[in-house]
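Please read the structure below before turning to the comments.
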Amino acid sequence: MPLIRQVRIERFRGIQALEWAPGPGLNGLIGPGDSGKSTILDAIDLLLSARRTAGFTDADFHKLAVGDGILLEATIGDLPPQLLDLDRYGMFHRGWDVDLGVSDEPEDDNEIVITIRLTVGADLDPTWTLYSERAEAEDCLRDLPFAERARLAPTRLGAFASHHLAWGARSVLNRIADVRPAAGAALADAARQARATFGDAAAPEVADTIEMVRDVAARIGVHGAEGAAALLDAHGVSFGAGSIALHDGQGVPLKNLGQGSSRLLVAGLQAMAGNTSPFTLVDELEHGLEPFRIMRLLHELGAKEVVPPRQVFLTTHSAVVIRELSAQQLWHVGRDPAADRIVLRPLARDAAAQGTLRACAEAYLAPSVLVCEGATEVGLIRGLDLYWSGVGQRPMGSCGVAVADGSGSNMLQRALAFARAGYRVALWHDSDKELNAGELQQLENAGVARFFWDEPNSTEMQMFASIHDDGILPLVELAREWNGADSVNDQIEARNPGFDVDDDTFGYTAEERAALGVAATKGKWFKTVSYAETAGRDVVGPSLAASGGRLVETIDAIRAWILNEPAEAEEA
């Protein structure tokens with residue numbers, strides 16, 4: 001079955017330049033909004049659909065620069081025998097190597113491929129041609145015959161799939177049967193019966209009007225209208241194959257199905273169509289579907305097949321979809337501002353990347369990821385974010401930052417997995433266990449920013465060491481509420497006998513603060529996301545302005561990184 005080996009897009013909508021070699025099976029495009037995911041699908045659709053024209057406007061040109069023109073290319077491999085014919089297509093045969101890409105002169109060990117090019121100029125007139133450098137040098141222009149284009153045409157599953165539930169020109173129903181419905185005579189007869197039946201039924205309703213028409217015709221001498229009657233217009237009543245549609249057992253059109261049901265049914269029909277459509281395009285796969293139906297749709301598309309039945313290109317903003325796919329099936333779509341290019345990076349192919357995908361799927365949908373060592377750090381930053389947004393500052397979500405749980409010992413690999421996939425990444429960890437030199441070098445090489453505390457502090461120890469005196473007792477009260485007053489008091493007493501934490505008349509000494517930090521760490525006072533979130537929102541956030549030390553320095557640095565300010569480059 002034909003496969004798209006390479007896609008090239010230049011100056012089309014939001015994409016200045018893109019060059020991408022997709023995989024042979026399912027290719028899921030993920031990334032932030034407006035990164036060009038849907039535009040990639042549109043480009044493939046325009047390139048390969050069996051059409052003789054397409055509508056373009058100035059808005060389809062990158063930054064409205066109509067003078068520069070649009071260029072779209074798809075290089076197709078695994079060609080059927082008819083496209084390998086040297087006499088007809090030899091001038092356009094090119095070579096494909098997985099490592100080296102496309103070469104205009106095929107080598108002996110290359111796969112033979114052809115490149116389909118679509119160009120659009122200022123006149124908005126699209127031109128499809130086969131392309132090779134040799135053919136261009138000899139001014140040889142040729143397009144694929146329409147029949148060959150129809151064999152390559154992709155099936156697109158959009159937000160509305162109802163047009164596939166009738167025998168229209170581009171319906172999947174025409175692909176699942178060897179013979180199209182030969183109902184021309186029956187349709188013509190149905191139209192004639194409809195005209196006659198309508199005339200009999202409508203005659204009493206329009207009798208007065210018809211009589212006036214006849215009188216006027218007789219008076220002015222238009223003899224052909226003297227016997228006028230009200231029938232359906234013979235020019236307006238004509239049925240084609242598109243008039244034949246699927247209905248349920250009660251005669252209700254299946255076009256009335258909900259969006260999710262329609263898409264799921266059409267996906268099943270496309271699967272039945274098998275080899276008739278080598279490419280499937282699905283924009284916003286999760287649209288209109290519950291999680292269990294998302295999984296069913298992915299199965300119908302062949303996501304779990306060892307040998308993919310077709311090449312699928314889909315976009316998604318759903319964590320459910322991401323969890324159901326493997327890292328090998330996902331591509332992160334991002335922008336390289338320096339080169340003004342769209343870059344598609346595959347997710348890492350190792351086991352650590354797959355584990356990160358399952359555990360932190362939501363974070364893959366944001367452009368920036370803050371990997372936190374554990375639940376305490378996740379909850380604390382979420383609580384601080386609630387506090388900041390509550391006092392009118394920008395929340396993390398509006399800055400495009402997602403939080404991922406590093407799950408302790410997995411934090412390094414998770415941070416590296418995000419960074420290698422092209423995300424902007426920071427790692428926030430405590431300092432009770434320092435990273436070794438090799439791990440630090442990996443983070444530096446991957447461009448991961450790092451935030452940490454004074455050695456050998458855990459997050460709880462740093463909070464109690466640096467927070468203002470007025471924040472100490474509220475933290476203890478929260479711990480008592482969640483863990484029991486007796487338990488918390490006993491833990492404090494064990495760390496500093498005779499210490500009365502409720503007496504804050506003279507503030508708290510460094511020794512007393514250290515005892516509270518150790519008690520909080522060992523007693524796991526804030527070791528859940530919800531507990532740490534409450535502490536961050538209600539105590540740490542309001543106390544920051546009056547606090548000092550490493551707590552404030554690190555949180556300020558994290559805040560600057562979230563806002564993408566210059567201070568983000570500094571380690572804290």
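Chain identifiers are assigned as A, B, and so on, following the order in which chains appear in the structure tokens; residues are numbered from 1 within each chain, and ligands are numbered from 1 in order of appearance.
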
Selection: 10 Å around Ala545 in chain A, only C-alpha atoms, excl. self and same-chain fewer than 6 positions, as a list in words: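 Returned residues: Ile467, His468 and Val552 of chain A.
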
Every residue of range 67-223 of chain A that DSSP places in alpha helix (DSSP H), as JSON, numbers by chain: {"A": [86, 87, 88, 89, 133, 134, 135, 136, 137, 146, 147, 148, 149, 150, 151, 152, 184, 185, 186, 187, 188, 189, 190, 191, 192, 193, 194, 195, 196, 197, 198, 199, 200, 201, 202, 207, 208, 209, 210, 211, 212, 213, 214, 215, 216, 217, 218, 219, 220]}

Among listed residues A:Glu148, A:Asp385, A:Glu553, A:Asp503, nearest Phe452 in chain A (using only C-alpha atoms): A:Glu553

Contacts of range 251-256 of chain A within 10 Å, only C-alpha atoms, excl. fewer than 6 positions in-chain, as a PyMOL selection string: chain A and resi 160-166+245+262+265

Non-local contacts of range 111-126 of chain A (10 Å; only C-alpha atoms; under 6 positions in same chain excluded) as a ChimeraX atom specification: /A:2-10,12,43,46-48,52-58,60-61,65-79,83-84,89-98,102-105,132,142-144

Polymer residues at most 7 Å from range 341-351 of chain A, only C-alpha atoms, same-chain spacing of 3 or more positions, as a list in words: Ile15, Gln16, Ala17, Leu18, Trp20, Ala327, Gln328, Leu330, Trp331, His332, Val333, Gly334, Arg335, Asp336, Pro337, Gln354, Gly355, Ala417, Arg420, Ala421 and Gly422 of chain A

Write a file of the just-selected residues containing C-alpha atoms, as a JSON list (two decimals), in the first residue's frame.
```json
[["chain", "number", "residue", "atom", "x", "y", "z"],
["A", 15, "ILE", "CA", 3.69, 27.45, 8.28],
["A", 16, "GLN", "CA", 6.67, 29.20, 6.74],
["A", 17, "ALA", "CA", 8.61, 25.97, 6.24],
["A", 18, "LEU", "CA", 8.27, 22.32, 7.24],
["A", 20, "TRP", "CA", 8.78, 15.87, 7.81],
["A", 327, "ALA", "CA", 5.48, 6.87, 21.97],
["A", 328, "GLN", "CA", 6.45, 5.60, 18.51],
["A", 330, "LEU", "CA", 3.35, 10.44, 18.44],
["A", 331, "TRP", "CA", 5.06, 13.56, 17.11],
["A", 332, "HIS", "CA", 5.45, 16.85, 18.94],
["A", 333, "VAL", "CA", 4.74, 19.81, 16.67],
["A", 334, "GLY", "CA", 6.67, 22.91, 17.70],
["A", 335, "ARG", "CA", 8.11, 26.08, 16.26],
["A", 336, "ASP", "CA", 11.76, 26.95, 15.82],
["A", 337, "PRO", "CA", 11.62, 30.76, 15.97],
["A", 354, "GLN", "CA", 6.60, 5.37, 27.29],
["A", 355, "GLY", "CA", 6.26, 5.49, 31.08],
["A", 417, "ALA", "CA", 11.86, 12.65, 27.83],
["A", 420, "ARG", "CA", 14.18, 15.42, 23.83],
["A", 421, "ALA", "CA", 10.71, 15.71, 22.31],
["A", 422, "GLY", "CA", 11.20, 19.46, 21.89]]
```

Residue among A:Val403, A:Ala446, A:Leu473, A:Leu544 lying closest to Glu377 in chain A, counting only C-alpha atoms: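 Distance minimum relative to Glu377 in chain A lands on A:Val403.
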
Residues flagged strand (DSSP E) by DSSP in range 99-192 of chain A, as an MDAnalysis selection string: chainID A and resid 101:103 111:120 126:131 155:157

Print the selection's residues with C-alpha atoms to a file, as an mmCIF file, in the first residue's frame.
```cif
data_model
loop_
_atom_site.group_PDB
_atom_site.id
_atom_site.type_symbol
_atom_site.label_atom_id
_atom_site.label_comp_id
_atom_site.auth_asym_id
_atom_site.auth_seq_id
_atom_site.Cartn_x
_atom_site.Cartn_y
_atom_site.Cartn_z
ATOM 1 C CA GLY A 101 15.914 11.279 2.744
ATOM 2 C CA VAL A 102 15.048 12.037 -0.896
ATOM 3 C CA SER A 103 17.634 11.962 -3.666
ATOM 4 C CA GLU A 111 13.239 2.835 -2.629
ATOM 5 C CA ILE A 112 11.642 4.296 -5.750
ATOM 6 C CA VAL A 113 9.336 7.193 -4.883
ATOM 7 C CA ILE A 114 7.450 9.926 -6.703
ATOM 8 C CA THR A 115 6.821 13.477 -5.527
ATOM 9 C CA ILE A 116 3.492 15.217 -6.055
ATOM 10 C CA ARG A 117 3.746 18.999 -5.947
ATOM 11 C CA LEU A 118 1.024 21.627 -5.564
ATOM 12 C CA THR A 119 1.845 25.274 -6.212
ATOM 13 C CA VAL A 120 -0.376 28.329 -5.861
ATOM 14 C CA PRO A 126 -3.626 25.701 -7.964
ATOM 15 C CA THR A 127 -1.375 23.549 -10.133
ATOM 16 C CA TRP A 128 -0.664 19.875 -9.425
ATOM 17 C CA THR A 129 2.374 18.259 -11.037
ATOM 18 C CA LEU A 130 4.749 15.376 -10.588
ATOM 19 C CA TYR A 131 8.152 16.751 -9.626
ATOM 20 C CA THR A 155 -10.226 9.643 3.453
ATOM 21 C CA ARG A 156 -10.840 12.511 5.842
ATOM 22 C CA LEU A 157 -12.773 12.061 9.050
#
```

Best match for closeness to Val488 in chain A among A:Gly288, A:Gly390, A:Gly523, A:Gly541, counting only C-alpha atoms: A:Gly523

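Of the listed residues A:Leu443, A:Ile558, A:Cys360, A:Leu314, the one whose atoms come nearest to Met396 in chain A is A:Ile558, with distances taken using only C-alpha atoms.
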
All residues 7 Å or closer to range 199-213 of chain A, only C-alpha atoms, same chain fewer than 3 positions away omitted, as a list in words: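 The neighbour list is Arg195, Ala196, Val216, Ala217, Ala228, Ala229, Ala230 and Leu231 of chain A.
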
Atom-to-atom span, CA of Leu563 in chain A and CA of Asp454 in chain A, Å: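 Separation of CA of Leu563 in chain A and CA of Asp454 in chain A: 23.7 Å.
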
Would you mind listing what lies within 12 Å of Gly28 in chain A as a compact mmCIF listing (two decimals) with C-alpha atoms, in the first residue's frame, with only C-alpha atoms counted and same-chain residues fewer than 5 positions away left out?
```txt
# COMPACT_ATOMS: atom_id res chain seq x y z
CA PRO A 22 6.19 10.45 8.91
CA GLY A 23 6.04 6.84 10.03
CA LYS A 37 -1.16 20.55 13.25
CA SER A 38 -4.43 20.97 11.33
CA ILE A 40 -0.43 19.76 7.98
CA LEU A 41 -3.54 17.62 7.52
CA THR A 280 -6.76 8.52 6.59
CA LEU A 281 -6.84 12.05 8.03
CA VAL A 282 -8.52 12.74 11.36
CA ASP A 283 -8.56 16.22 12.87
CA GLU A 284 -9.39 16.43 16.60
CA LEU A 285 -9.93 12.68 16.94
CA LEU A 298 -8.35 4.18 17.61
CA LEU A 301 -7.97 3.08 12.71
CA ALA A 303 -3.61 1.87 16.23
CA GLN A 311 -1.22 5.32 7.09
CA VAL A 312 -3.13 7.54 9.50
CA PHE A 313 -2.53 11.20 10.30
CA LEU A 314 -4.42 12.57 13.29
CA THR A 315 -4.36 15.52 15.64
CA THR A 316 -5.51 15.53 19.23
CA HIS A 317 -5.73 17.63 22.37
CA SER A 318 -6.88 14.73 24.51
CA VAL A 321 -5.79 9.63 23.09
CA ILE A 322 -2.18 10.15 24.12
CA ARG A 323 -2.35 7.41 26.75
CA GLU A 324 -3.82 4.96 24.26
CA LEU A 325 -1.03 5.47 21.74
CA SER A 326 2.60 4.43 21.96
CA ALA A 327 5.48 6.87 21.97
CA GLN A 328 6.45 5.60 18.51
CA GLN A 329 3.14 6.88 17.12
CA LEU A 330 3.35 10.44 18.44
CA TRP A 331 5.06 13.56 17.11
CA HIS A 332 5.45 16.85 18.94
CA VAL A 333 4.74 19.81 16.67
CA LEU A 344 8.13 17.72 14.25
CA ARG A 345 10.06 15.67 16.76
CA PRO A 346 9.26 12.06 17.59
CA LEU A 347 8.77 11.23 21.22
```
